[in-house]
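Here the structure comes first, spelled out in structure tokens, and everything after it is commentary.
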2 protein chains.
Amino acid sequence: MFRKVAVIGPGLIGASMGMALRKRGLADSVVGIGRRQQSLDKALAVGAIDKATLGAAEGVQEADLVVLATPIGAFAELMARIAPVIPPEAILTDVASSKVRVVETISQALHARPDVAYIPTHPMAGGEQSGPLAASADLFEGSVCIITPLTNTFPESKGLITRMWRALGARVVSMTPQAHDRTVARISHMPHLAAAAMLGVLDDTDAGLCGKGLLDTTRVASGSPELWLDICKTNREQIGVALADYIRLLQAMADALADGNLGRLHAVLDSAKEKRDRLLEIRRAASPADEGRNH
Amino acid sequence: MFRKVAVIGPGLIGASMGMALRKRGLADSVVGIGRRQQSLDKALAVGAIDKATLGAAEGVQEADLVVLATPIGAFAELMARIAPVIPPEAILTDVASSKVRVVETISQALHARPDVAYIPTHPMAGGEQSGPLAASADLFEGSVCIITPLTNTFPESKGLITRMWRALGARVVSMTPQAHDRTVARISHMPHLAAAAMLGVLDDTDAGLCGKGLLDTTRVASGSPELWLDICKTNREQIGVALADYIRLLQAMADALADGNLGRLHAVLDSAKEKRDRLLEIRRAASPADEGRNH
């Protein structure tokens, strides 16, 4: 599928892509580009990449696919360095968790390179771990990958990236960057902040008695704060809307509880159970391979 | 340990207790008492009980341990029926998730039976499934069981119940009903309502794209609405306090996001990650047997 893939930032997602592409024979060579030799050595050791370099401009040479997999905060500077030297006809993709601002930043950096096909994606996989040592060639099996292609450009490259994600086991969903940011604010970004706030409520006595329920409820909060700060920064408005909706519903439940309006509380609990049970079914139907997977 | 244990309401918790006691040879006989023969037949089929009856007064005869394991809403009526007929010197225990009001209800019902030792407990195990078919003899392995004994009464019975829960694999923590209700509101009841509210935020597009993160965050919301309504009803005040604390923290995060105060957001994310990682350590240290268990 690809001769040479350059993964800039082979952390959990980048290294898992490299591993998955290599294992499935979809890339002849995967070069890892990073800021610290130590991380690159780990990515080499786990078989995520077969070459490593600290030089982004050097690393992308001759690549037919360049993957931006660093935290979002590094994108602008990286693009300034690689935009002039990405090989003609290469595909550039990113795997960032927010899209509107990211797509703007990268598109602007590529204004002088109409020959480079930029296909933004967001593979929704990974969880709270990070780094190449947590990478897995099966990370994307049963996951959803959202792609937010620019209007009417590069249909062939878009097709190729779609086929690649399917080959790695993902269900591919196409939407606009705006729709992406709205939905992901609700299903991922806001819940992340909510988990952090929930932990903030606990004191030490509470903490000593926590069971599996609360550990699951707050699992995402073990994710990297730096990574999440970048995400919050680049999807502020939509996260704000989702948080406001959430706070409004919580306050309505608190009011129902205070007023002894148990009928209303019952209705909320009923519809929540119904919705979650439906989510489980949707997910099972969409990703039968995911059943019983050990994350 | 016991000759005859009467489990009133052999659902997930009651049936798991029966199964665990029988499997470990801690009860010569376990009788299940229920309202529907169908549920009792399931409890018999999975080996949670060896006898079944629809009559509570009949079932508790000759029992040396009576376990109240129905939803809280049924306690008052049940106690009216069994209080006069519980055998002298028997131990009565309940496994309800809220304690102050439950302890009041049961203690009042027992005012004419000072010979019955009432030891309130709350085994914190189970998750979102319910019914005897979900029961397991290992359900309590690595869990915490809170006991909220009445002041200075029945030290021997308290010791026996403590040893029983330890034999079933639980770490036993003793506290007052008030302290129990405050802590459990924060680590279990409020998070349950929060999960329900989070699902309320999602529309159908969002739902179709949900990943494992959100399914974990909202897992508890698949629990029985009736059971949870009973819990909310009997622990209203403390859940209200926990909800108010949670809403306040969420609003502070929303404000920080709106103001672009990323330093504050970073601090919250950092301290949340630190706290959850510490929770995981506490739990691992307390329950090494729980590692790698498949729930």
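Following the order of the structure tokens, chains are lettered A, B, ..., residues in each are numbered from 1, and ligands are numbered from 1.
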Pull the strand (DSSP E or B) assignments for region 18-230 of chain A out of DSSP run on the backbone, and list those residues as a ChimeraX atom specification. /A:27-33,51-53,65-68,91-94,117-124,144-147,171-174
Those residues you just picked out, can you put them in a file as a short mmCIF file (atom, residue, chain, number, x, y, z; two decimals), in the first residue's frame with N, CA and C atoms?
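Once everything was written out, this is part.cif:
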data_model
loop_
_atom_site.label_atom_id
_atom_site.label_comp_id
_atom_site.auth_asym_id
_atom_site.auth_seq_id
_atom_site.Cartn_x
_atom_site.Cartn_y
_atom_site.Cartn_z
N ALA A 27 3.25 -1.49 4.51
CA ALA A 27 4.30 -0.49 4.32
C ALA A 27 5.64 -1.21 4.21
N ASP A 28 6.42 -0.84 3.16
CA ASP A 28 7.74 -1.47 3.01
C ASP A 28 8.65 -1.02 4.13
N SER A 29 8.50 0.26 4.50
CA SER A 29 9.38 0.80 5.53
C SER A 29 8.61 1.85 6.34
N VAL A 30 8.85 1.87 7.66
CA VAL A 30 8.24 2.90 8.51
C VAL A 30 9.35 3.61 9.27
N VAL A 31 9.49 4.91 9.04
CA VAL A 31 10.50 5.67 9.76
C VAL A 31 9.82 6.48 10.87
N GLY A 32 10.39 6.42 12.04
CA GLY A 32 9.86 7.19 13.16
C GLY A 32 10.64 8.47 13.33
N ILE A 33 9.92 9.58 13.51
CA ILE A 33 10.56 10.88 13.70
C ILE A 33 10.15 11.39 15.08
N LYS A 51 13.18 2.43 11.10
CA LYS A 51 14.24 3.44 11.09
C LYS A 51 13.81 4.57 12.01
N ALA A 52 14.79 5.33 12.48
CA ALA A 52 14.44 6.44 13.38
C ALA A 52 15.35 7.62 13.08
N THR A 53 14.76 8.83 13.23
CA THR A 53 15.58 10.02 13.06
C THR A 53 15.02 11.16 13.91
N LEU A 65 3.61 8.45 2.53
CA LEU A 65 2.61 8.79 3.56
C LEU A 65 3.33 9.39 4.76
N VAL A 66 2.89 10.58 5.17
CA VAL A 66 3.44 11.23 6.36
C VAL A 66 2.31 11.34 7.38
N VAL A 67 2.56 10.81 8.60
CA VAL A 67 1.53 10.80 9.64
C VAL A 67 1.96 11.74 10.76
N LEU A 68 1.15 12.77 11.01
CA LEU A 68 1.40 13.67 12.14
C LEU A 68 0.73 13.07 13.36
N ILE A 91 0.89 11.78 0.57
CA ILE A 91 -0.29 12.04 1.38
C ILE A 91 0.19 12.46 2.77
N LEU A 92 -0.41 13.52 3.29
CA LEU A 92 -0.16 13.91 4.68
C LEU A 92 -1.45 13.65 5.46
N THR A 93 -1.32 13.01 6.61
CA THR A 93 -2.50 12.81 7.45
C THR A 93 -2.14 13.16 8.88
N ASP A 94 -3.16 13.50 9.67
CA ASP A 94 -2.91 13.70 11.10
C ASP A 94 -3.90 12.82 11.85
N ALA A 117 -1.52 15.84 -0.74
CA ALA A 117 -2.90 15.53 -0.38
C ALA A 117 -3.01 15.44 1.13
N TYR A 118 -3.76 16.38 1.72
CA TYR A 118 -3.92 16.34 3.17
C TYR A 118 -5.27 15.70 3.51
N ILE A 119 -5.23 14.59 4.24
CA ILE A 119 -6.46 13.87 4.64
C ILE A 119 -6.47 13.78 6.17
N PRO A 120 -7.30 14.63 6.82
CA PRO A 120 -7.35 14.61 8.30
C PRO A 120 -8.12 13.39 8.81
N THR A 121 -7.61 12.75 9.86
CA THR A 121 -8.32 11.61 10.45
C THR A 121 -8.28 11.70 11.97
N HIS A 122 -9.17 10.97 12.59
CA HIS A 122 -9.15 10.83 14.04
C HIS A 122 -9.50 9.39 14.41
N PRO A 123 -8.47 8.55 14.54
CA PRO A 123 -8.73 7.18 14.98
C PRO A 123 -9.12 7.19 16.46
N MET A 124 -10.34 6.75 16.77
CA MET A 124 -10.80 6.81 18.16
C MET A 124 -10.46 5.51 18.87
N VAL A 144 -13.53 2.99 15.75
CA VAL A 144 -14.07 3.88 14.71
C VAL A 144 -12.97 4.86 14.34
N CYS A 145 -12.75 5.10 13.05
CA CYS A 145 -11.85 6.17 12.62
C CYS A 145 -12.68 7.20 11.85
N ILE A 146 -12.69 8.43 12.36
CA ILE A 146 -13.42 9.50 11.68
C ILE A 146 -12.48 10.16 10.69
N ILE A 147 -12.90 10.34 9.44
CA ILE A 147 -12.09 11.16 8.55
C ILE A 147 -12.89 12.40 8.16
N ARG A 171 -13.72 0.90 11.61
CA ARG A 171 -14.88 1.32 10.83
C ARG A 171 -14.65 2.79 10.52
N VAL A 172 -14.73 3.18 9.23
CA VAL A 172 -14.41 4.55 8.85
C VAL A 172 -15.69 5.36 8.64
N VAL A 173 -15.77 6.49 9.31
CA VAL A 173 -16.93 7.37 9.21
C VAL A 173 -16.43 8.73 8.72
N SER A 174 -17.09 9.29 7.71
CA SER A 174 -16.67 10.56 7.14
C SER A 174 -17.62 11.66 7.60
#
If we count only C-alpha atoms, what is near Gly18 (chain B) at a cut-off of 12 Å, once residues fewer than 6 positions away on the same chain are taken out, given as JSON, numbers by chain? {"B": [2, 4, 5, 6, 7, 8, 9, 10, 11, 12, 24, 25, 26, 27, 28, 29, 30, 31, 32, 33, 43, 44, 46, 47, 48, 49, 50, 51, 52, 65, 66, 67, 69, 132, 135, 136, 137, 138, 139, 140, 164, 168]}
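Proximity of A:Ala285, A:Val60, A:Ile187, A:Ala15 to chain B, computed with only C-alpha atoms, is greatest for A:Ile187.
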7 Å contacts from chain B to chain A using only C-alpha atoms, as a PDB file with C-alpha atoms, in the first residue's frame:
ATOM      1  CA  MET B 124     -19.510  -3.043  47.442  1.00  0.00           C
ATOM      2  CA  GLY B 127     -21.686  -3.661  38.955  1.00  0.00           C
ATOM      3  CA  VAL B 144     -14.692  -3.938  50.078  1.00  0.00           C
ATOM      4  CA  THR B 183     -18.658   8.441  51.381  1.00  0.00           C
ATOM      5  CA  ARG B 186     -19.450  10.464  46.605  1.00  0.00           C
ATOM      6  CA  ILE B 187     -17.911   7.250  45.276  1.00  0.00           C
ATOM      7  CA  SER B 188     -21.023   5.497  44.016  1.00  0.00           C
ATOM      8  CA  ALA B 194     -23.602  11.619  36.671  1.00  0.00           C
ATOM      9  CA  ALA B 196     -27.101   8.941  33.586  1.00  0.00           C
ATOM     10  CA  ALA B 197     -26.846  12.694  32.932  1.00  0.00           C
ATOM     11  CA  MET B 198     -23.901  12.170  30.578  1.00  0.00           C
ATOM     12  CA  LEU B 199     -25.955   9.801  28.460  1.00  0.00           C
ATOM     13  CA  GLY B 200     -28.707  12.421  28.413  1.00  0.00           C
ATOM     14  CA  VAL B 201     -26.363  14.818  26.602  1.00  0.00           C
ATOM     15  CA  LEU B 202     -25.889  12.489  23.621  1.00  0.00           C
ATOM     16  CA  ASP B 206     -23.058  10.951  18.968  1.00  0.00           C
ATOM     17  CA  ALA B 207     -24.306   7.538  20.082  1.00  0.00           C
ATOM     18  CA  GLY B 208     -23.293   5.877  16.817  1.00  0.00           C
ATOM     19  CA  LEU B 209     -19.667   6.880  17.339  1.00  0.00           C
ATOM     20  CA  CYS B 210     -19.200   6.014  21.009  1.00  0.00           C
ATOM     21  CA  GLY B 211     -16.026   4.219  21.907  1.00  0.00           C
ATOM     22  CA  GLY B 213     -14.058   5.313  26.852  1.00  0.00           C
ATOM     23  CA  LEU B 214     -17.649   6.487  27.065  1.00  0.00           C
ATOM     24  CA  ASP B 216     -16.748   2.627  30.608  1.00  0.00           C
ATOM     25  CA  THR B 217     -17.548   6.114  31.872  1.00  0.00           C
ATOM     26  CA  THR B 218     -21.268   5.322  31.760  1.00  0.00           C
ATOM     27  CA  VAL B 220     -22.902   1.972  35.955  1.00  0.00           C
ATOM     28  CA  ALA B 221     -25.916   3.590  34.243  1.00  0.00           C
ATOM     29  CA  SER B 222     -26.934   0.161  32.923  1.00  0.00           C
ATOM     30  CA  GLY B 223     -27.878  -0.762  36.495  1.00  0.00           C
ATOM     31  CA  PRO B 225     -33.383   2.040  37.665  1.00  0.00           C
ATOM     32  CA  LEU B 229     -34.296   4.995  42.762  1.00  0.00           C
ATOM     33  CA  ARG B 236     -31.074  12.064  49.225  1.00  0.00           C
ATOM     34  CA  GLY B 240     -27.407  16.227  46.996  1.00  0.00           C
ATOM     35  CA  LEU B 243     -23.867  16.543  43.306  1.00  0.00           C
ATOM     36  CA  ASP B 245     -19.757  19.723  44.872  1.00  0.00           C
ATOM     37  CA  TYR B 246     -19.456  18.047  41.482  1.00  0.00           C
ATOM     38  CA  ILE B 247     -21.477  20.719  39.659  1.00  0.00           C
ATOM     39  CA  LEU B 249     -16.112  21.806  40.020  1.00  0.00           C
ATOM     40  CA  LEU B 250     -17.551  21.296  36.532  1.00  0.00           C
ATOM     41  CA  ALA B 254     -16.260  25.422  32.125  1.00  0.00           C
ATOM     42  CA  LEU B 257     -12.206  26.940  29.427  1.00  0.00           C
ATOM     43  CA  ALA B 258     -14.316  29.963  28.475  1.00  0.00           C
ATOM     44  CA  HIS B 266      -3.937  21.985  33.507  1.00  0.00           C
ATOM     45  CA  VAL B 268      -7.215  20.184  37.496  1.00  0.00           C
ATOM     46  CA  LEU B 269      -6.195  17.573  34.905  1.00  0.00           C
ATOM     47  CA  ASP B 270      -2.862  16.998  36.656  1.00  0.00           C
ATOM     48  CA  ALA B 272      -7.123  14.233  38.632  1.00  0.00           C
ATOM     49  CA  LYS B 273      -4.568  11.992  36.935  1.00  0.00           C
ATOM     50  CA  LYS B 275      -5.555  10.998  42.190  1.00  0.00           C
ATOM     51  CA  ARG B 276      -6.780   8.255  39.873  1.00  0.00           C
ATOM     52  CA  ASP B 277      -3.340   6.721  39.567  1.00  0.00           C
ATOM     53  CA  LEU B 279      -6.679   5.087  43.571  1.00  0.00           C
ATOM     54  CA  ILE B 282      -4.573   1.733  46.710  1.00  0.00           C
TER      55      ILE B 282
END
Once chain A has been least-squares superposed onto chain B, matching all their Cα atoms in order, can you return it as a compact mmCIF listing (two decimals) with C-alpha atoms, in the first residue's frame?
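Output file result-v8.txt is given in full below:
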# COMPACT_ATOMS: atom_id res chain seq x y z
CA MET A 1 -20.08 -21.14 60.29
CA PHE A 2 -23.88 -21.21 59.88
CA ARG A 3 -26.40 -24.02 59.97
CA LYS A 4 -29.14 -22.38 58.00
CA VAL A 5 -28.88 -19.10 56.10
CA ALA A 6 -32.08 -17.49 54.82
CA VAL A 7 -31.49 -15.16 51.87
CA ILE A 8 -34.47 -12.90 51.29
CA GLY A 9 -34.21 -11.73 47.69
CA PRO A 10 -31.58 -13.93 46.03
CA GLY A 11 -30.69 -11.46 43.24
CA LEU A 12 -27.12 -10.71 42.20
CA ILE A 13 -25.83 -10.00 45.72
CA GLY A 14 -28.03 -12.43 47.66
CA ALA A 15 -27.48 -15.29 45.23
CA SER A 16 -23.72 -14.64 45.10
CA MET A 17 -23.64 -14.78 48.92
CA GLY A 18 -25.53 -18.05 48.91
CA MET A 19 -23.25 -19.50 46.25
CA ALA A 20 -20.09 -18.31 48.01
CA LEU A 21 -21.21 -19.62 51.43
CA ARG A 22 -22.21 -22.99 50.02
CA LYS A 23 -19.07 -23.39 47.89
CA ARG A 24 -16.83 -22.63 50.86
CA GLY A 25 -18.77 -24.94 53.18
CA LEU A 26 -19.75 -22.03 55.45
CA ALA A 27 -23.47 -22.85 55.49
CA ASP A 28 -25.09 -26.27 55.86
CA SER A 29 -28.17 -25.03 54.09
CA VAL A 30 -29.20 -21.86 52.23
CA VAL A 31 -32.89 -21.16 51.72
CA GLY A 32 -33.95 -18.55 49.20
CA ILE A 33 -37.03 -16.44 49.89
CA GLY A 34 -38.60 -14.51 47.03
CA ARG A 35 -41.80 -13.12 45.58
CA ARG A 36 -41.66 -15.01 42.30
CA GLN A 37 -41.11 -18.72 41.90
CA GLN A 38 -39.36 -18.06 38.59
CA SER A 39 -36.50 -16.11 40.23
CA LEU A 40 -36.20 -18.72 42.94
CA ASP A 41 -35.98 -21.46 40.33
CA LYS A 42 -33.09 -19.60 38.70
CA ALA A 43 -31.33 -19.24 42.07
CA LEU A 44 -31.82 -22.99 42.64
CA ALA A 45 -30.57 -23.81 39.13
CA VAL A 46 -27.30 -21.89 39.57
CA GLY A 47 -26.68 -23.45 42.98
CA ALA A 48 -27.11 -20.24 44.97
CA ILE A 49 -29.66 -21.84 47.31
CA ASP A 50 -30.70 -25.39 48.10
CA LYS A 51 -34.27 -24.66 49.16
CA ALA A 52 -36.78 -22.06 48.07
CA THR A 53 -39.98 -20.63 49.46
CA LEU A 54 -42.37 -17.77 48.72
CA GLY A 55 -43.15 -17.40 52.44
CA ALA A 56 -40.76 -15.13 54.32
CA ALA A 57 -42.04 -16.11 57.77
CA GLU A 58 -41.75 -19.79 56.89
CA GLY A 59 -38.31 -19.38 55.28
CA VAL A 60 -36.60 -17.75 58.24
CA GLN A 61 -37.58 -20.52 60.64
CA GLU A 62 -34.55 -22.15 62.27
CA ALA A 63 -32.19 -19.80 60.42
CA ASP A 64 -29.15 -18.61 62.37
CA LEU A 65 -28.43 -15.98 59.70
CA VAL A 66 -31.09 -13.98 57.85
CA VAL A 67 -29.89 -11.81 54.93
CA LEU A 68 -32.10 -8.98 53.65
CA ALA A 69 -31.06 -8.67 50.01
CA THR A 70 -34.16 -7.26 48.32
CA PRO A 71 -34.37 -3.68 47.03
CA ILE A 72 -34.57 -1.26 49.98
CA GLY A 73 -38.19 -0.36 49.20
CA ALA A 74 -39.33 -3.82 50.34
CA PHE A 75 -37.58 -3.73 53.73
CA ALA A 76 -40.34 -2.19 55.89
CA GLU A 77 -43.01 -4.61 54.79
CA LEU A 78 -40.70 -7.61 55.02
CA MET A 79 -39.55 -6.66 58.49
CA ALA A 80 -43.15 -6.43 59.65
CA ARG A 81 -43.61 -10.03 58.56
CA ILE A 82 -40.37 -11.56 59.82
CA ALA A 83 -39.57 -9.55 62.98
CA PRO A 84 -41.92 -11.65 65.17
CA VAL A 85 -40.65 -14.98 63.84
CA ILE A 86 -36.87 -14.63 63.44
CA PRO A 87 -35.39 -17.34 65.68
CA PRO A 88 -33.98 -16.15 69.02
CA GLU A 89 -30.23 -15.46 68.92
CA ALA A 90 -30.25 -15.31 65.12
CA ILE A 91 -28.23 -12.67 63.27
CA LEU A 92 -30.06 -10.39 60.86
CA THR A 93 -28.03 -8.55 58.25
CA ASP A 94 -28.86 -6.41 55.25
CA VAL A 95 -26.78 -5.62 52.17
CA ALA A 96 -28.32 -2.28 51.23
CA SER A 97 -26.31 0.48 49.51
CA SER A 98 -27.53 3.22 51.85
CA LYS A 99 -27.48 2.88 55.59
CA VAL A 100 -28.83 5.68 57.84
CA ARG A 101 -32.52 5.26 56.90
CA VAL A 102 -32.22 1.51 56.42
CA VAL A 103 -30.71 1.05 59.88
CA GLU A 104 -33.54 3.17 61.34
CA THR A 105 -36.24 1.15 59.60
CA ILE A 106 -34.84 -2.22 60.59
CA SER A 107 -33.96 -1.21 64.17
CA GLN A 108 -37.49 0.10 64.70
CA ALA A 109 -38.97 -3.12 63.36
CA LEU A 110 -36.81 -5.05 65.82
CA HIS A 111 -37.66 -2.96 68.91
CA ALA A 112 -39.48 -5.92 70.49
CA ARG A 113 -36.70 -8.35 69.56
CA PRO A 114 -33.58 -7.40 71.58
CA ASP A 115 -32.47 -11.01 71.19
CA VAL A 116 -31.90 -10.63 67.44
CA ALA A 117 -28.46 -9.27 66.51
CA TYR A 118 -28.78 -6.81 63.65
CA ILE A 119 -25.49 -6.17 61.80
CA PRO A 120 -25.88 -3.80 58.80
CA THR A 121 -23.45 -4.32 55.91
CA HIS A 122 -22.84 -3.00 52.43
CA PRO A 123 -20.80 -5.32 50.21
CA MET A 124 -19.52 -3.04 47.45
CA ALA A 125 -19.52 -5.45 44.56
CA GLY A 126 -21.69 -6.28 41.65
CA GLY A 127 -21.70 -3.65 38.96
CA GLU A 128 -24.52 -3.08 36.53
CA GLN A 129 -25.88 -6.59 36.14
CA SER A 130 -28.63 -7.99 38.29
CA GLY A 131 -30.50 -11.19 39.04
CA PRO A 132 -29.39 -14.66 40.18
CA LEU A 133 -28.13 -15.63 36.71
CA ALA A 134 -25.38 -12.99 37.03
CA ALA A 135 -24.35 -14.35 40.46
CA SER A 136 -20.87 -15.70 41.14
CA ALA A 137 -19.25 -17.40 44.13
CA ASP A 138 -16.23 -15.11 43.57
CA LEU A 139 -18.16 -11.85 43.33
CA PHE A 140 -16.75 -10.52 46.60
CA GLU A 141 -13.11 -11.51 46.04
CA GLY A 142 -11.05 -8.34 46.22
CA SER A 143 -14.05 -6.15 47.08
CA VAL A 144 -14.68 -3.93 50.08
CA CYS A 145 -17.53 -4.68 52.50
CA ILE A 146 -18.52 -1.80 54.77
CA ILE A 147 -20.16 -2.73 58.05
CA THR A 148 -21.97 -0.13 60.12
CA PRO A 149 -22.59 -1.87 63.46
CA LEU A 150 -24.85 -0.36 66.08
CA THR A 151 -22.94 1.04 69.06
CA ASN A 152 -21.56 -1.57 71.46
CA THR A 153 -24.12 -4.20 70.67
CA PHE A 154 -23.57 -7.81 69.67
CA PRO A 155 -19.75 -7.83 69.51
CA GLU A 156 -19.72 -11.58 68.85
CA SER A 157 -22.20 -11.38 66.00
CA LYS A 158 -20.28 -8.47 64.57
CA GLY A 159 -17.11 -10.57 64.72
CA LEU A 160 -18.84 -13.47 63.02
CA ILE A 161 -20.19 -11.33 60.16
CA THR A 162 -16.76 -9.76 59.74
CA ARG A 163 -15.14 -13.20 59.50
CA MET A 164 -17.81 -14.31 57.04
CA TRP A 165 -17.12 -11.41 54.66
CA ARG A 166 -13.38 -11.99 54.93
CA ALA A 167 -13.94 -15.65 54.12
CA LEU A 168 -15.84 -14.55 51.00
CA GLY A 169 -12.79 -12.50 49.94
CA ALA A 170 -13.80 -8.99 51.02
CA ARG A 171 -11.80 -6.40 52.89
CA VAL A 172 -14.05 -5.32 55.79
CA VAL A 173 -14.20 -1.67 56.82
CA SER A 174 -16.24 -0.51 59.81
CA MET A 175 -17.80 2.95 59.94
CA THR A 176 -20.91 4.75 61.18
CA PRO A 177 -24.03 4.73 58.98
CA GLN A 178 -23.59 8.51 58.59
CA ALA A 179 -19.96 8.27 57.41
CA HIS A 180 -20.99 5.41 55.11
CA ASP A 181 -23.74 7.40 53.45
CA ARG A 182 -21.51 10.42 52.95
CA THR A 183 -18.67 8.44 51.38
CA VAL A 184 -20.84 6.17 49.27
CA ALA A 185 -22.79 9.18 47.96
CA ARG A 186 -19.46 10.45 46.59
CA ILE A 187 -17.92 7.25 45.26
CA SER A 188 -21.04 5.49 44.01
CA HIS A 189 -24.43 7.23 44.17
CA MET A 190 -23.49 10.62 42.67
CA PRO A 191 -21.31 8.98 39.96
CA HIS A 192 -24.33 6.88 39.04
CA LEU A 193 -26.50 9.95 38.47
CA ALA A 194 -23.60 11.63 36.66
CA ALA A 195 -23.36 8.71 34.22
CA ALA A 196 -27.11 8.94 33.58
CA ALA A 197 -26.84 12.70 32.92
CA MET A 198 -23.89 12.17 30.58
CA LEU A 199 -25.96 9.81 28.45
CA GLY A 200 -28.71 12.42 28.42
CA VAL A 201 -26.37 14.82 26.61
CA LEU A 202 -25.88 12.50 23.62
CA ASP A 203 -27.98 12.55 20.48
CA ASP A 204 -28.18 9.75 17.91
CA THR A 205 -25.15 10.86 15.83
CA ASP A 206 -23.05 10.95 18.97
CA ALA A 207 -24.30 7.54 20.07
CA GLY A 208 -23.28 5.88 16.81
CA LEU A 209 -19.65 6.88 17.34
CA CYS A 210 -19.19 6.01 21.01
CA GLY A 211 -16.03 4.20 21.91
CA LYS A 212 -14.90 2.16 24.86
CA GLY A 213 -14.06 5.30 26.86
CA LEU A 214 -17.65 6.48 27.06
CA LEU A 215 -19.01 2.98 27.56
CA ASP A 216 -16.76 2.62 30.61
CA THR A 217 -17.56 6.11 31.87
CA THR A 218 -21.27 5.33 31.75
CA ARG A 219 -21.15 1.60 32.60
CA VAL A 220 -22.91 1.97 35.95
CA ALA A 221 -25.91 3.59 34.23
CA SER A 222 -26.94 0.17 32.91
CA GLY A 223 -27.88 -0.76 36.49
CA SER A 224 -31.50 -1.30 37.48
CA PRO A 225 -33.37 2.04 37.66
CA GLU A 226 -35.71 0.72 40.39
CA LEU A 227 -32.83 -0.31 42.62
CA TRP A 228 -31.15 3.05 42.12
CA LEU A 229 -34.31 4.99 42.76
CA ASP A 230 -34.54 3.27 46.15
CA ILE A 231 -30.95 4.21 46.86
CA CYS A 232 -31.50 7.84 45.84
CA LYS A 233 -34.62 8.03 47.96
CA THR A 234 -32.84 6.78 51.08
CA ASN A 235 -29.66 8.83 50.68
CA ARG A 236 -31.08 12.05 49.22
CA GLU A 237 -29.25 14.58 51.36
CA GLN A 238 -25.75 13.19 50.94
CA ILE A 239 -26.22 12.62 47.20
CA GLY A 240 -27.41 16.23 46.98
CA VAL A 241 -24.24 17.48 48.69
CA ALA A 242 -22.00 15.37 46.42
CA LEU A 243 -23.87 16.53 43.30
CA ALA A 244 -23.53 20.18 44.36
CA ASP A 245 -19.76 19.72 44.87
CA TYR A 246 -19.46 18.04 41.47
CA ILE A 247 -21.47 20.72 39.65
CA ARG A 248 -19.33 23.42 41.29
CA LEU A 249 -16.11 21.81 40.02
CA LEU A 250 -17.55 21.29 36.52
CA GLN A 251 -18.64 24.92 36.38
CA ALA A 252 -15.15 26.03 37.44
CA MET A 253 -13.70 23.97 34.58
CA ALA A 254 -16.24 25.41 32.12
CA ASP A 255 -15.30 28.93 33.30
CA ALA A 256 -11.57 28.22 32.96
CA LEU A 257 -12.18 26.94 29.43
CA ALA A 258 -14.29 29.96 28.47
CA ASP A 259 -11.74 32.39 29.93
CA GLY A 260 -8.86 30.60 28.25
CA ASN A 261 -7.38 29.99 31.73
CA LEU A 262 -5.47 26.92 30.63
CA GLY A 263 -3.17 26.98 33.64
CA ARG A 264 -6.11 26.28 35.91
CA LEU A 265 -7.38 23.54 33.60
CA HIS A 266 -3.92 21.97 33.54
CA ALA A 267 -3.82 21.94 37.34
CA VAL A 268 -7.21 20.16 37.51
CA LEU A 269 -6.18 17.56 34.93
CA ASP A 270 -2.85 16.98 36.69
CA SER A 271 -4.39 16.48 40.09
CA ALA A 272 -7.12 14.21 38.65
CA LYS A 273 -4.56 11.97 36.96
CA GLU A 274 -2.50 11.86 40.14
CA LYS A 275 -5.57 10.97 42.21
CA ARG A 276 -6.78 8.23 39.89
CA ASP A 277 -3.34 6.69 39.59
CA ARG A 278 -3.24 6.67 43.43
CA LEU A 279 -6.70 5.06 43.58
CA LEU A 280 -5.47 2.30 41.29
CA GLU A 281 -2.47 1.74 43.56
CA ILE A 282 -4.60 1.69 46.73
CA ARG A 283 -6.91 -0.82 45.12
CA ARG A 284 -4.08 -2.99 43.85
CA ALA A 285 -2.40 -2.97 47.26
CA ALA A 286 -5.67 -3.79 49.04
CA SER A 287 -6.90 -6.40 46.59
CA PRO A 288 -4.06 -8.12 44.78
CA ALA A 289 -6.45 -10.99 44.00
CA ASP A 290 -8.57 -8.60 41.99
CA GLU A 291 -5.86 -8.01 39.40
CA GLY A 292 -6.83 -9.38 36.06
CA ARG A 293 -10.24 -10.50 37.25
CA ASN A 294 -12.78 -10.59 34.52
CA HIS A 295 -15.92 -8.74 35.57
Using DSSP assignments from the backbone, pull out every residue in region 100-163 of chain B that falls under helix (DSSP H, G or I) and give it to me as a PyMOL selection string. chain B and resi 100-109+132-134+155-163
Store the residues picked out above in a file with C-alpha atoms, as a short mmCIF file (atom, residue, chain, number, x, y, z; two decimals), in the first residue's frame.
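Below is the file again.cif, written as the result:
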data_model
loop_
_atom_site.label_atom_id
_atom_site.label_comp_id
_atom_site.auth_asym_id
_atom_site.auth_seq_id
_atom_site.Cartn_x
_atom_site.Cartn_y
_atom_site.Cartn_z
CA VAL B 100 -28.83 5.67 57.84
CA ARG B 101 -32.51 5.26 56.91
CA VAL B 102 -32.22 1.51 56.41
CA VAL B 103 -30.70 1.04 59.88
CA GLU B 104 -33.52 3.16 61.34
CA THR B 105 -36.24 1.15 59.59
CA ILE B 106 -34.83 -2.21 60.59
CA SER B 107 -33.95 -1.21 64.15
CA GLN B 108 -37.48 0.10 64.71
CA ALA B 109 -38.98 -3.11 63.36
CA PRO B 132 -29.41 -14.67 40.19
CA LEU B 133 -28.14 -15.64 36.71
CA ALA B 134 -25.39 -13.01 37.05
CA PRO B 155 -19.77 -7.84 69.52
CA GLU B 156 -19.74 -11.58 68.87
CA SER B 157 -22.22 -11.39 66.01
CA LYS B 158 -20.28 -8.47 64.56
CA GLY B 159 -17.13 -10.58 64.74
CA LEU B 160 -18.85 -13.49 63.02
CA ILE B 161 -20.21 -11.35 60.18
CA THR B 162 -16.76 -9.77 59.75
CA ARG B 163 -15.15 -13.22 59.53
#
